file entry.cif (mmCIF, C-alpha atoms and all ligand atoms)
data_upload
#
loop_
_atom_site.label_atom_id
_atom_site.label_comp_id
_atom_site.auth_asym_id
_atom_site.auth_seq_id
_atom_site.Cartn_x
_atom_site.Cartn_y
_atom_site.Cartn_z
CA MET L 1 2.65 69.48 83.48
CA ALA L 2 4.60 71.63 85.91
CA PRO L 3 4.65 75.36 85.29
CA ALA L 4 7.94 76.99 84.35
CA ALA L 5 10.48 76.95 87.13
CA THR L 6 10.74 80.71 87.03
CA ALA L 7 7.05 81.29 87.85
CA SER L 8 6.95 83.54 90.88
CA LEU L 9 4.67 82.18 93.59
CA PRO L 10 3.48 78.64 94.21
CA THR L 11 -0.25 78.23 93.88
CA ALA L 12 -2.36 75.12 94.33
CA PRO L 13 -3.94 72.95 93.28
CA HIS L 14 -2.18 72.47 89.98
CA ASN L 15 -3.49 70.31 87.21
CA LEU L 16 -1.47 67.16 87.78
CA GLY L 17 -3.15 65.32 84.94
CA PRO L 18 -5.93 62.77 85.20
CA ILE L 19 -6.01 61.09 88.61
CA SER L 20 -8.37 58.14 88.73
CA ARG L 21 -9.43 56.85 92.14
CA GLU L 22 -8.97 53.34 90.84
CA LEU L 23 -5.24 53.93 90.36
CA PHE L 24 -4.69 56.65 92.98
CA PRO L 25 -7.11 55.48 95.72
CA ASP L 26 -6.71 58.59 97.91
CA GLY L 27 -7.14 60.84 94.88
CA LEU L 28 -3.68 62.39 95.25
CA LYS L 29 -0.57 62.22 93.12
CA THR L 30 3.04 62.79 94.20
CA THR L 31 4.51 65.86 92.50
CA GLY L 32 8.14 64.64 92.45
CA GLN L 33 11.48 66.45 92.16
CA HIS L 34 11.83 69.76 90.32
CA ALA L 35 14.15 72.69 89.98
CA PRO L 36 13.52 75.43 92.53
CA LEU L 37 11.89 78.76 91.69
CA TYR L 38 15.17 80.49 90.95
CA ASP L 39 13.83 83.94 91.74
CA HIS L 40 13.28 82.67 95.30
CA ILE L 41 16.88 81.53 95.74
CA LEU L 42 18.23 84.39 97.80
CA PRO L 43 21.84 85.54 98.13
CA PHE L 44 23.90 84.73 101.22
CA GLU L 45 23.54 88.31 102.50
CA LYS L 46 19.84 87.66 103.09
CA PHE L 47 20.51 84.66 105.33
CA PRO L 48 20.40 84.99 109.13
CA LYS L 49 23.67 85.54 110.99
CA GLN L 50 22.52 82.99 113.54
CA ILE L 51 19.49 80.76 113.99
CA THR L 52 17.63 80.58 117.30
CA GLY L 53 14.60 78.66 118.52
CA PRO L 54 13.55 75.06 119.14
CA THR L 55 14.98 73.68 115.88
CA VAL L 56 18.49 74.44 117.13
CA TRP L 57 19.73 71.71 119.44
CA LYS L 58 23.00 70.22 120.52
CA ALA L 59 23.61 66.48 120.80
CA GLU L 60 24.78 67.02 124.42
CA GLU L 61 21.24 68.03 125.38
CA TYR L 62 19.88 64.69 124.25
CA ARG L 63 22.70 62.14 124.39
CA ASP L 64 22.13 61.08 127.99
CA HIS L 65 18.44 61.92 127.97
CA PRO L 66 16.64 59.50 125.65
CA GLU L 67 13.44 60.17 127.61
CA LYS L 68 13.34 63.59 125.90
CA TRP L 69 13.02 62.04 122.44
CA THR L 70 11.69 58.52 123.02
CA HIS L 71 8.07 57.49 123.41
CA THR L 72 7.14 53.93 124.32
CA PHE L 73 3.65 53.15 123.06
CA THR L 74 1.21 52.49 125.89
CA GLU L 75 -0.97 49.38 125.87
CA GLU L 76 -3.98 51.58 125.10
CA GLN L 77 -2.23 53.18 122.14
CA ILE L 78 -1.25 49.80 120.72
CA ALA L 79 -4.82 48.56 121.19
CA GLU L 80 -6.13 51.61 119.32
CA LEU L 81 -3.70 51.07 116.44
CA SER L 82 -4.57 47.37 116.38
CA THR L 83 -8.32 48.03 116.19
CA ALA L 84 -7.88 50.58 113.39
CA ALA L 85 -5.58 48.23 111.45
CA ASP L 86 -7.96 45.26 111.79
CA LYS L 87 -10.88 47.39 110.61
CA PHE L 88 -8.88 48.66 107.65
CA LEU L 89 -7.77 45.13 106.69
CA ALA L 90 -11.36 43.89 106.90
CA SER L 91 -12.49 46.66 104.54
CA LYS L 92 -10.24 45.28 101.76
CA THR L 93 -9.22 48.82 100.85
CA PRO L 94 -5.84 48.83 99.08
CA LEU L 95 -3.03 50.02 101.34
CA THR L 96 -2.45 52.95 98.96
CA GLY L 97 -5.95 54.15 99.90
CA ILE L 98 -5.27 54.55 103.61
CA GLU L 99 -6.12 57.96 105.04
CA LYS L 100 -7.21 59.43 108.35
CA SER L 101 -10.88 58.88 107.56
CA ASN L 102 -10.49 55.12 107.19
CA PHE L 103 -7.94 54.75 109.98
CA GLU L 104 -9.50 56.41 112.98
CA LEU L 105 -7.47 56.99 116.13
CA PRO L 106 -9.87 58.52 118.65
CA THR L 107 -7.32 59.31 121.37
CA LEU L 108 -3.91 59.00 119.67
CA ALA L 109 -4.88 61.66 117.12
CA ALA L 110 -4.37 64.53 119.57
CA TYR L 111 -0.95 63.20 120.60
CA LEU L 112 0.05 62.86 116.93
CA ARG L 113 -1.07 66.41 116.20
CA ASP L 114 1.38 67.69 118.82
CA LEU L 115 4.09 65.39 117.53
CA ARG L 116 3.56 66.63 113.97
CA ALA L 117 4.04 70.22 115.15
CA ASP L 118 7.22 69.25 116.99
CA LEU L 119 8.55 67.48 113.89
CA ILE L 120 7.83 70.43 111.60
CA ASP L 121 8.67 73.37 113.85
CA GLY L 122 10.37 71.91 116.93
CA LYS L 123 13.29 69.60 117.56
CA GLY L 124 12.32 67.57 114.51
CA PHE L 125 12.64 63.94 115.57
CA ILE L 126 11.24 61.16 117.76
CA LEU L 127 11.91 57.51 118.45
CA PHE L 128 8.86 55.35 119.16
CA LYS L 129 9.37 52.03 120.93
CA GLY L 130 7.18 49.00 121.33
CA PHE L 131 5.44 48.66 117.96
CA PRO L 132 4.60 44.92 118.03
CA VAL L 133 5.91 43.99 114.58
CA GLN L 134 6.62 40.38 115.49
CA LYS L 135 3.17 39.79 116.97
CA TRP L 136 1.37 41.53 114.12
CA GLY L 137 3.50 40.30 111.23
CA ASN L 138 4.56 42.46 108.29
CA HIS L 139 1.17 43.03 106.69
CA LYS L 140 -0.73 44.29 109.73
CA SER L 141 2.39 46.18 110.89
CA ALA L 142 2.55 47.95 107.51
CA VAL L 143 -1.12 48.94 107.78
CA ALA L 144 -0.77 50.26 111.34
CA TYR L 145 2.45 52.10 110.44
CA MET L 146 1.06 53.75 107.33
CA GLY L 147 -2.14 54.56 109.22
CA LEU L 148 -0.12 56.24 111.96
CA GLY L 149 1.81 58.09 109.26
CA THR L 150 -1.35 59.61 107.77
CA TYR L 151 -1.62 61.72 110.94
CA LEU L 152 1.81 63.25 110.28
CA GLY L 153 1.66 63.83 106.51
CA TYR L 154 0.58 62.54 103.10
CA PHE L 155 2.61 59.54 101.97
CA VAL L 156 4.48 60.18 98.71
CA SER L 157 6.18 57.95 96.18
CA GLN L 158 9.82 57.18 97.02
CA ASN L 159 11.08 55.94 93.67
CA SER L 160 10.30 55.50 90.00
CA ARG L 161 8.29 52.36 90.79
CA GLY L 162 5.77 54.29 92.87
CA HIS L 163 6.69 52.72 96.22
CA VAL L 164 4.85 54.62 98.95
CA LEU L 165 5.92 52.02 101.49
CA GLY L 166 9.67 51.75 101.03
CA HIS L 167 11.89 48.90 102.14
CA VAL L 168 15.39 49.74 103.28
CA LYS L 169 17.20 46.48 102.74
CA ASP L 170 20.41 45.25 101.15
CA LEU L 171 19.35 43.81 97.81
CA GLY L 172 22.93 43.15 96.80
CA GLU L 173 23.04 46.12 94.42
CA ASP L 174 26.49 47.63 93.80
CA SER L 175 26.87 50.72 95.99
CA THR L 176 29.83 51.96 93.91
CA GLN L 177 27.49 52.48 90.91
CA ILE L 178 26.23 55.68 92.48
CA ASP L 179 24.75 57.04 89.26
CA LYS L 180 22.29 54.14 89.09
CA VAL L 181 21.91 52.60 92.53
CA ARG L 182 19.93 54.07 95.42
CA ILE L 183 22.04 53.52 98.56
CA TYR L 184 19.03 52.44 100.65
CA ARG L 185 19.06 49.23 98.58
CA THR L 186 22.65 48.43 99.68
CA ASN L 187 24.53 47.94 102.96
CA ALA L 188 26.86 50.91 102.38
CA ARG L 189 27.40 53.84 104.69
CA GLN L 190 25.16 56.83 104.12
CA TYR L 191 26.72 60.24 104.65
CA PHE L 192 24.68 63.03 106.21
CA HIS L 193 21.76 63.85 103.95
CA ALA L 194 18.05 64.63 103.83
CA ASP L 195 15.47 62.50 102.02
CA ASP L 196 13.21 63.99 99.32
CA SER L 197 10.17 64.54 101.55
CA ASP L 198 9.14 66.72 104.48
CA ILE L 199 9.18 63.89 107.04
CA VAL L 200 10.75 60.44 106.87
CA GLY L 201 9.78 57.46 109.00
CA LEU L 202 11.71 54.24 109.55
CA LEU L 203 10.14 51.20 111.21
CA CYS L 204 12.63 48.51 112.22
CA ILE L 205 11.46 45.01 111.23
CA ALA L 206 14.85 43.26 111.47
CA LYS L 207 18.32 44.37 112.61
CA ALA L 208 21.71 43.79 111.07
CA LEU L 209 24.35 41.61 112.70
CA GLU L 210 26.40 44.76 113.14
CA GLY L 211 26.20 48.40 112.08
CA GLY L 212 23.31 50.13 110.31
CA GLU L 213 23.08 52.58 113.19
CA SER L 214 21.57 55.99 112.90
CA ASP L 215 23.02 59.50 113.37
CA LEU L 216 21.20 62.78 113.20
CA VAL L 217 22.03 66.41 113.60
CA SER L 218 20.16 69.71 113.78
CA SER L 219 21.09 71.39 110.51
CA HIS L 220 20.28 74.70 112.21
CA HIS L 221 22.95 74.01 114.81
CA VAL L 222 25.35 73.02 112.03
CA TYR L 223 24.46 76.29 110.30
CA ASN L 224 25.40 78.27 113.41
CA VAL L 225 28.68 76.40 113.77
CA LEU L 226 29.56 77.03 110.12
CA ALA L 227 28.52 80.69 110.41
CA ALA L 228 31.07 81.06 113.21
CA GLU L 229 33.83 78.80 111.85
CA ARG L 230 33.47 78.71 108.07
CA PRO L 231 31.14 81.36 106.61
CA ASP L 232 32.82 80.77 103.24
CA VAL L 233 31.50 77.20 103.25
CA LEU L 234 28.04 78.37 104.21
CA LYS L 235 28.07 80.88 101.36
CA THR L 236 29.03 78.16 98.85
CA LEU L 237 26.14 76.03 100.09
CA THR L 238 23.62 78.85 99.48
CA GLU L 239 24.62 79.32 95.85
CA PRO L 240 22.54 77.60 93.13
CA ILE L 241 25.62 75.99 91.62
CA TRP L 242 24.99 72.44 92.78
CA TYR L 243 23.85 69.75 90.35
CA PHE L 244 21.88 66.87 91.85
CA ASP L 245 21.54 63.60 89.97
CA ARG L 246 18.09 62.20 89.25
CA LYS L 247 19.67 58.74 88.88
CA GLY L 248 17.47 58.10 85.87
CA GLU L 249 14.25 58.60 87.84
CA THR L 250 12.93 61.27 85.49
CA SER L 251 9.66 61.89 83.70
CA LYS L 252 9.57 62.39 79.96
CA GLY L 253 11.20 65.64 78.93
CA GLN L 254 12.96 66.24 82.24
CA GLU L 255 16.70 66.74 82.58
CA GLU L 256 18.84 64.09 84.23
CA TYR L 257 19.89 66.50 86.97
CA ILE L 258 18.64 69.55 88.85
CA ARG L 259 20.71 72.66 89.40
CA THR L 260 19.99 74.14 92.80
CA SER L 261 21.46 75.26 96.13
CA VAL L 262 21.96 73.14 99.24
CA ILE L 263 20.66 75.70 101.74
CA TYR L 264 17.57 77.77 100.96
CA LEU L 265 15.42 80.29 102.72
CA GLU L 266 11.71 79.83 103.04
CA ARG L 267 9.65 82.27 100.98
CA GLY L 268 8.29 85.36 102.66
CA GLU L 269 9.39 87.44 105.61
CA ASN L 270 11.90 85.94 108.06
CA GLY L 271 12.10 82.71 106.13
CA ARG L 272 13.69 79.82 107.96
CA VAL L 273 16.76 78.03 106.66
CA TYR L 274 15.95 74.86 104.76
CA THR L 275 18.49 72.21 103.76
CA LYS L 276 18.19 69.72 100.90
CA TRP L 277 21.31 67.65 100.65
CA ASP L 278 22.79 64.31 99.68
CA PRO L 279 26.48 64.06 98.70
CA TYR L 280 25.96 60.83 96.74
CA TYR L 281 23.67 62.74 94.38
CA VAL L 282 26.20 65.48 93.62
CA ARG L 283 29.12 63.08 93.32
CA SER L 284 27.47 60.76 90.84
CA LEU L 285 27.32 63.17 87.90
CA THR L 286 30.79 62.61 86.42
CA ARG L 287 29.12 61.07 83.34
CA PHE L 288 27.92 64.62 82.54
CA SER L 289 30.83 66.68 83.91
CA ASP L 290 33.42 64.51 82.12
CA ALA L 291 31.55 65.18 78.88
CA GLY L 292 31.57 68.94 79.57
CA ILE L 293 27.77 69.11 79.84
CA ILE L 294 27.80 70.42 83.40
CA PRO L 295 30.69 71.84 85.43
CA ALA L 296 32.66 69.52 87.68
CA LEU L 297 32.62 70.26 91.41
CA SER L 298 34.86 73.25 92.10
CA GLU L 299 37.51 73.28 94.80
CA ALA L 300 35.21 75.39 96.94
CA GLN L 301 32.42 72.83 96.52
CA GLU L 302 34.72 69.92 97.37
CA GLU L 303 35.78 71.81 100.47
CA ALA L 304 32.15 72.57 101.39
CA LEU L 305 31.25 68.87 101.00
CA ARG L 306 34.09 67.84 103.27
CA VAL L 307 33.48 70.50 105.93
CA LEU L 308 29.72 69.95 106.01
CA GLU L 309 30.07 66.21 106.58
CA GLU L 310 32.83 66.69 109.16
CA THR L 311 30.75 69.28 111.04
CA CYS L 312 27.66 67.03 111.02
CA VAL L 313 29.69 64.10 112.35
CA ARG L 314 31.13 66.26 115.12
CA HIS L 315 27.70 67.39 116.34
CA SER L 316 25.53 64.34 115.73
CA LEU L 317 23.30 62.34 118.01
CA HIS L 318 23.70 58.56 117.72
CA MET L 319 20.68 56.33 117.83
CA VAL L 320 20.10 52.60 117.49
CA LEU L 321 16.82 51.24 116.16
CA ASP L 322 15.70 47.99 117.74
CA ILE L 323 13.01 45.76 116.35
CA GLY L 324 9.67 47.55 116.74
CA ASP L 325 11.21 51.03 116.94
CA ILE L 326 10.00 53.82 114.65
CA GLN L 327 12.07 56.91 113.96
CA PHE L 328 10.37 59.94 112.46
CA LEU L 329 12.35 63.01 111.51
CA SER L 330 12.07 66.25 109.60
CA ASN L 331 14.04 66.58 106.39
CA ALA L 332 13.74 70.37 106.48
CA HIS L 333 16.02 70.96 109.45
CA ILE L 334 17.59 67.60 110.34
CA LEU L 335 20.32 65.77 108.44
CA HIS L 336 20.73 62.05 109.02
CA ALA L 337 23.26 59.33 108.29
CA ARG L 338 23.74 55.66 108.89
CA THR L 339 26.77 53.47 109.39
CA ALA L 340 27.63 50.65 106.99
CA TYR L 341 26.39 47.27 108.12
CA ARG L 342 26.75 43.54 107.86
CA ASP L 343 23.77 41.20 107.85
CA HIS L 344 23.36 37.92 109.66
CA ALA L 345 24.11 34.84 107.56
CA PRO L 346 21.02 33.31 105.94
CA PRO L 347 18.49 31.98 106.79
CA ALA L 348 18.34 34.74 109.44
CA PRO L 349 16.43 37.75 108.09
CA ARG L 350 18.38 40.64 106.62
CA ARG L 351 18.18 44.14 108.16
CA HIS L 352 14.82 45.52 107.11
CA LEU L 353 13.31 48.94 107.73
CA MET L 354 9.95 50.00 106.37
CA ARG L 355 10.19 53.58 105.20
CA LEU L 356 7.57 56.30 104.86
CA TRP L 357 8.04 59.63 103.11
CA LEU L 358 5.42 62.11 104.26
CA ALA L 359 4.50 65.52 102.85
CA THR L 360 3.24 68.53 104.80
CA PRO L 361 1.83 71.18 102.43
CA GLU L 362 1.96 74.88 103.26
CA SER L 363 -1.78 75.19 103.87
CA GLU L 364 -1.48 72.53 106.57
CA GLY L 365 1.42 74.06 108.45
CA GLY L 366 4.27 72.94 106.19
CA TRP L 367 7.28 75.08 105.37
CA LYS L 368 6.99 77.71 102.63
CA LEU L 369 9.40 76.16 100.18
CA PRO L 370 10.78 77.86 97.07
CA PHE L 371 9.26 75.20 94.80
CA TRP L 372 6.14 75.41 92.64
CA ASP L 373 4.53 72.46 94.44
CA SER L 374 4.96 73.88 97.95
CA ASN L 375 1.21 73.87 98.55
CA GLU L 376 0.41 70.55 96.92
CA LYS L 377 -0.69 67.85 99.36
CA LYS L 378 1.84 65.32 98.01
CA ARG L 379 4.71 67.70 97.36
CA GLY L 380 8.17 66.29 96.78
CA GLY L 381 8.90 62.57 96.66
CA ILE L 382 9.88 60.89 93.41
CA GLN L 383 7.29 60.60 90.68
CA VAL L 384 8.01 59.39 87.19
CA ASP L 385 5.34 60.18 84.60
CA ASP L 386 2.01 58.63 85.60
CA GLN L 387 3.42 55.77 87.67
CA VAL L 388 0.71 54.68 90.10
CA PRO L 389 1.43 54.27 93.83
CA VAL L 390 2.12 50.80 95.18
CA ALA L 391 2.69 49.61 98.75
CA PRO L 392 4.51 46.28 98.60
CA ILE L 393 4.86 44.49 101.92
CA ASP L 394 8.52 43.63 101.24
CA ALA L 395 11.38 44.84 99.04
CA GLU L 396 11.08 44.25 95.32
FE FE L 401 17.82 58.88 104.30
#
call {"tool": "encode", "arguments": {"input": "entry.cif", "output": "structure tokens"}}
result
Amino acid sequence: MAPAATASLPTAPHNLGPISRELFPDGLKTTGQHAPLYDHILPFEKFPKQITGPTVWKAEEYRDHPEKWTHTFTEEQIAELSTAADKFLASKTPLTGIEKSNFELPTLAAYLRDLRADLIDGKGFILFKGFPVQKWGNHKSAVAYMGLGTYLGYFVSQNSRGHVLGHVKDLGEDSTQIDKVRIYRTNARQYFHADDSDIVGLLCIAKALEGGESDLVSSHHVYNVLAAERPDVLKTLTEPIWYFDRKGETSKGQEEYIRTSVIYLERGENGRVYTKWDPYYVRSLTRFSDAGIIPALSEAQEEALRVLEETCVRHSLHMVLDIGDIQFLSNAHILHARTAYRDHAPPAPRRHLMRLWLATPESEGGWKLPFWDSNEKKRGGIQVDDQVPVAPIDAE
């Protein structure tokens, strides 16, 4: 049971209920989505006038320089991943039990430590190339990918079904039913947003016929642009007046929405600016606002929505994921989007990305978030009641 949302400082570990190793093989449970600690939501006056440092970047710096953000796996690195994956498969450990100790990477580990730091505190993204998904097939690829991920963060559940290996694929669900349907299960456009985890990874297994391309932007650069052009919008985004839909993925006793801000400050001195945003989740609540249960979006909020998206589009870096590419990015200071897409006609495979949501707790270098679970290993994600983690090899 989570402590009251008004408790002052996050502590850890919390009692997250009984966690049996049989059901939670790594002994860890995702904490899920919660309201912020409202006494740590600070007024706009406390926010920086401008953000500086390595998290602020412009698309122009990177657009014609993919070598600055792309890493092609070397033969030695692939061999190391392959050996670790084969050993893990031979051990018959469930995929939900993968951790650094049973997926050893003697030389890659140091490289991944530096990458993790760059994701959390630096430019916040990377594109890997050359992951041999076709040679390895989906099962071994999933093992190697999740194993790699354990060096960047703790995998968390991504939905009410406990998926810790997500599958971004068009399952034919109706993207206009935004109060029920998660857009990653459709072929619709995704506006600029952050996922509900510290880091998100996408491994491309199959591409669409057209579209499904990726855009990302430094939310710290967007912040600076808005501070100069539209401080009124920025102020609206810092106010805890935004209701986010849970889309029914709630534990017993929880509300169907969370009231919070879009832009936060980290706790403590000189806290960095943290963004948690997805317009689909604030637009889908008309079933409550029409009934007078929560306020409808104000004019100022509608304007903030429009200006934020438009500013992200204007400053974004475009990226295409080919088969065997892996994109990792920070959700703390990067916003990402994708274009709508159209799949090949059957029997060709549909666009398929394997997704990882990874958590980086405070005690291991993660951001000091204004949430009670900030120092839990598996902070964030989506956890409904005692749902156990599962890692299906394909969408379900
Ligand atoms: Fe996303």
call {"tool": "closest_residue", "arguments": {"input": "entry.cif", "among": "L:Gln190, L:Thr311, L:Gln327, L:Thr150", "to": "ligand FE 401 (chain L)", "atoms": "only C-alpha atoms and all ligand atoms"}}
result
L:Gln190
call {"tool": "residues_near_ligand", "arguments": {"input": "entry.cif", "ligand": "ligand FE 401 (chain L)", "cutoff": "12 Å", "atoms": "only C-alpha atoms and all ligand atoms", "output": "ChimeraX atom specification"}}
result
/L:158,166-168,182-185,189-202,212,214-216,276-280,327-331,334-339,353,355-357
call {"tool": "closest_residue", "arguments": {"input": "entry.cif", "among": "L:Arg350, L:Lys180, L:Ser101, L:Gly27", "to": "Glu249 of chain L", "atoms": "only C-alpha atoms"}}
result
L:Lys180
call {"tool": "residues_around", "arguments": {"input": "entry.cif", "residues": "segment 128-138 of chain L", "least_positions_apart": "4", "cutoff": "9 Å", "atoms": "all atoms listed in the file", "output": "PyMOL selection string"}}
result
chain L and resi 69-74+78+82+142-143+145+203-205+321-328+393-394
call {"tool": "closest_residue", "arguments": {"input": "entry.cif", "among": "L:Arg272, L:Arg287, L:Arg351, L:Lys207", "to": "Val320 of chain L", "atoms": "all atoms listed in the file"}}
result
L:Lys207
call {"tool": "atom_distance", "arguments": {"input": "entry.cif", "atom1": "atom CA of Pro392 of chain L", "atom2": "atom CA of Asp170 of chain L"}}
result
16.1 Å
call {"tool": "residues_near_point", "arguments": {"input": "entry.cif", "point": "(3.2, 65.4, 95.8)", "cutoff": "12 Å", "atoms": "only C-alpha atoms", "output": "VMD selection string"}}
result
chain L and resid 2 12 to 16 27 to 34 153 to 158 162 164 196 to 198 357 to 361 371 to 384 389
call {"tool": "write_last_selection", "arguments": {"input": "entry.cif", "atoms": "C-alpha atoms", "output": "mmCIF file, keeping the file's coordinate frame"}}
result
data_model
loop_
_atom_site.group_PDB
_atom_site.id
_atom_site.type_symbol
_atom_site.label_atom_id
_atom_site.label_comp_id
_atom_site.auth_asym_id
_atom_site.auth_seq_id
_atom_site.Cartn_x
_atom_site.Cartn_y
_atom_site.Cartn_z
ATOM 1 C CA ALA L 2 4.600 71.630 85.910
ATOM 2 C CA ALA L 12 -2.360 75.120 94.330
ATOM 3 C CA PRO L 13 -3.940 72.950 93.280
ATOM 4 C CA HIS L 14 -2.180 72.470 89.980
ATOM 5 C CA ASN L 15 -3.490 70.310 87.210
ATOM 6 C CA LEU L 16 -1.470 67.160 87.780
ATOM 7 C CA GLY L 27 -7.140 60.840 94.880
ATOM 8 C CA LEU L 28 -3.680 62.390 95.250
ATOM 9 C CA LYS L 29 -0.570 62.220 93.120
ATOM 10 C CA THR L 30 3.040 62.790 94.200
ATOM 11 C CA THR L 31 4.510 65.860 92.500
ATOM 12 C CA GLY L 32 8.140 64.640 92.450
ATOM 13 C CA GLN L 33 11.480 66.450 92.160
ATOM 14 C CA HIS L 34 11.830 69.760 90.320
ATOM 15 C CA GLY L 153 1.660 63.830 106.510
ATOM 16 C CA TYR L 154 0.580 62.540 103.100
ATOM 17 C CA PHE L 155 2.610 59.540 101.970
ATOM 18 C CA VAL L 156 4.480 60.180 98.710
ATOM 19 C CA SER L 157 6.180 57.950 96.180
ATOM 20 C CA GLN L 158 9.820 57.180 97.020
ATOM 21 C CA GLY L 162 5.770 54.290 92.870
ATOM 22 C CA VAL L 164 4.850 54.620 98.950
ATOM 23 C CA ASP L 196 13.210 63.990 99.320
ATOM 24 C CA SER L 197 10.170 64.540 101.550
ATOM 25 C CA ASP L 198 9.140 66.720 104.480
ATOM 26 C CA TRP L 357 8.040 59.630 103.110
ATOM 27 C CA LEU L 358 5.420 62.110 104.260
ATOM 28 C CA ALA L 359 4.500 65.520 102.850
ATOM 29 C CA THR L 360 3.240 68.530 104.800
ATOM 30 C CA PRO L 361 1.830 71.180 102.430
ATOM 31 C CA PHE L 371 9.260 75.200 94.800
ATOM 32 C CA TRP L 372 6.140 75.410 92.640
ATOM 33 C CA ASP L 373 4.530 72.460 94.440
ATOM 34 C CA SER L 374 4.960 73.880 97.950
ATOM 35 C CA ASN L 375 1.210 73.870 98.550
ATOM 36 C CA GLU L 376 0.410 70.550 96.920
ATOM 37 C CA LYS L 377 -0.690 67.850 99.360
ATOM 38 C CA LYS L 378 1.840 65.320 98.010
ATOM 39 C CA ARG L 379 4.710 67.700 97.360
ATOM 40 C CA GLY L 380 8.170 66.290 96.780
ATOM 41 C CA GLY L 381 8.900 62.570 96.660
ATOM 42 C CA ILE L 382 9.880 60.890 93.410
ATOM 43 C CA GLN L 383 7.290 60.600 90.680
ATOM 44 C CA VAL L 384 8.010 59.390 87.190
ATOM 45 C CA PRO L 389 1.430 54.270 93.830
#
call {"tool": "atom_distance", "arguments": {"input": "entry.cif", "atom1": "atom CA of Trp367 of chain L", "atom2": "atom CA of Gly271 of chain L"}}
result
9.1 Å
call {"tool": "closest_residue", "arguments": {"input": "entry.cif", "among": "L:Ser261, L:Thr238, L:Gln387, L:Ser219", "to": "Ser316 of chain L", "atoms": "only C-alpha atoms"}}
result
L:Ser219
call {"tool": "closest_residue", "arguments": {"input": "entry.cif", "among": "L:Leu23, L:Gln301, L:Val217, L:Val313", "to": "Ala59 of chain L", "atoms": "all atoms listed in the file"}}
result
L:Val217
call {"tool": "closest_residue", "arguments": {"input": "entry.cif", "among": "L:His221, L:Lys252, L:Arg314, L:Lys46", "to": "His333 of chain L", "atoms": "all atoms listed in the file"}}
result
L:His221
call {"tool": "axis_aligned_box", "arguments": {"input": "entry.cif", "around": "segment 18-25 of chain L", "padding_each_side": "8 Å", "output": "lines of an AutoDock Vina configuration file"}}
result
center_x = -7.1
center_y = 58.1
center_z = 90.5
size_x = 20.7
size_y = 25.4
size_z = 26.5
call {"tool": "residues_around", "arguments": {"input": "entry.cif", "residues": "Ala144 of chain L", "least_positions_apart": "2", "cutoff": "12 Å", "atoms": "only C-alpha atoms", "output": "number ranges by chain"}}
result
L: 77-89, 95, 98-100, 102-105, 131-133, 136-142, 146-151, 203, 326, 354
call {"tool": "write_last_selection", "arguments": {"input": "entry.cif", "atoms": "C-alpha atoms", "output": "CSV table (one decimal), in the frame of the given file"}}
result
chain,number,residue,atom,x,y,z
L,77,GLN,CA,-2.2,53.2,122.1
L,78,ILE,CA,-1.2,49.8,120.7
L,79,ALA,CA,-4.8,48.6,121.2
L,80,GLU,CA,-6.1,51.6,119.3
L,81,LEU,CA,-3.7,51.1,116.4
L,82,SER,CA,-4.6,47.4,116.4
L,83,THR,CA,-8.3,48.0,116.2
L,84,ALA,CA,-7.9,50.6,113.4
L,85,ALA,CA,-5.6,48.2,111.4
L,86,ASP,CA,-8.0,45.3,111.8
L,87,LYS,CA,-10.9,47.4,110.6
L,88,PHE,CA,-8.9,48.7,107.6
L,89,LEU,CA,-7.8,45.1,106.7
L,95,LEU,CA,-3.0,50.0,101.3
L,98,ILE,CA,-5.3,54.6,103.6
L,99,GLU,CA,-6.1,58.0,105.0
L,100,LYS,CA,-7.2,59.4,108.4
L,102,ASN,CA,-10.5,55.1,107.2
L,103,PHE,CA,-7.9,54.8,110.0
L,104,GLU,CA,-9.5,56.4,113.0
L,105,LEU,CA,-7.5,57.0,116.1
L,131,PHE,CA,5.4,48.7,118.0
L,132,PRO,CA,4.6,44.9,118.0
L,133,VAL,CA,5.9,44.0,114.6
L,136,TRP,CA,1.4,41.5,114.1
L,137,GLY,CA,3.5,40.3,111.2
L,138,ASN,CA,4.6,42.5,108.3
L,139,HIS,CA,1.2,43.0,106.7
L,140,LYS,CA,-0.7,44.3,109.7
L,141,SER,CA,2.4,46.2,110.9
L,142,ALA,CA,2.6,48.0,107.5
L,146,MET,CA,1.1,53.8,107.3
L,147,GLY,CA,-2.1,54.6,109.2
L,148,LEU,CA,-0.1,56.2,112.0
L,149,GLY,CA,1.8,58.1,109.3
L,150,THR,CA,-1.4,59.6,107.8
L,151,TYR,CA,-1.6,61.7,110.9
L,203,LEU,CA,10.1,51.2,111.2
L,326,ILE,CA,10.0,53.8,114.6
L,354,MET,CA,10.0,50.0,106.4
call {"tool": "atom_distance", "arguments": {"input": "entry.cif", "atom1": "atom CA of Glu269 of chain L", "atom2": "atom CA of Phe244 of chain L"}}
result
27.7 Å
call {"tool": "residues_around", "arguments": {"input": "entry.cif", "residues": "Pro295 of chain L", "least_positions_apart": "5", "cutoff": "10 Å", "atoms": "all atoms listed in the file", "output": "list in words"}}
result
Ile241, Trp242, Tyr243, Leu285, Thr286, Phe288, Ser289 and Asp290 of chain L
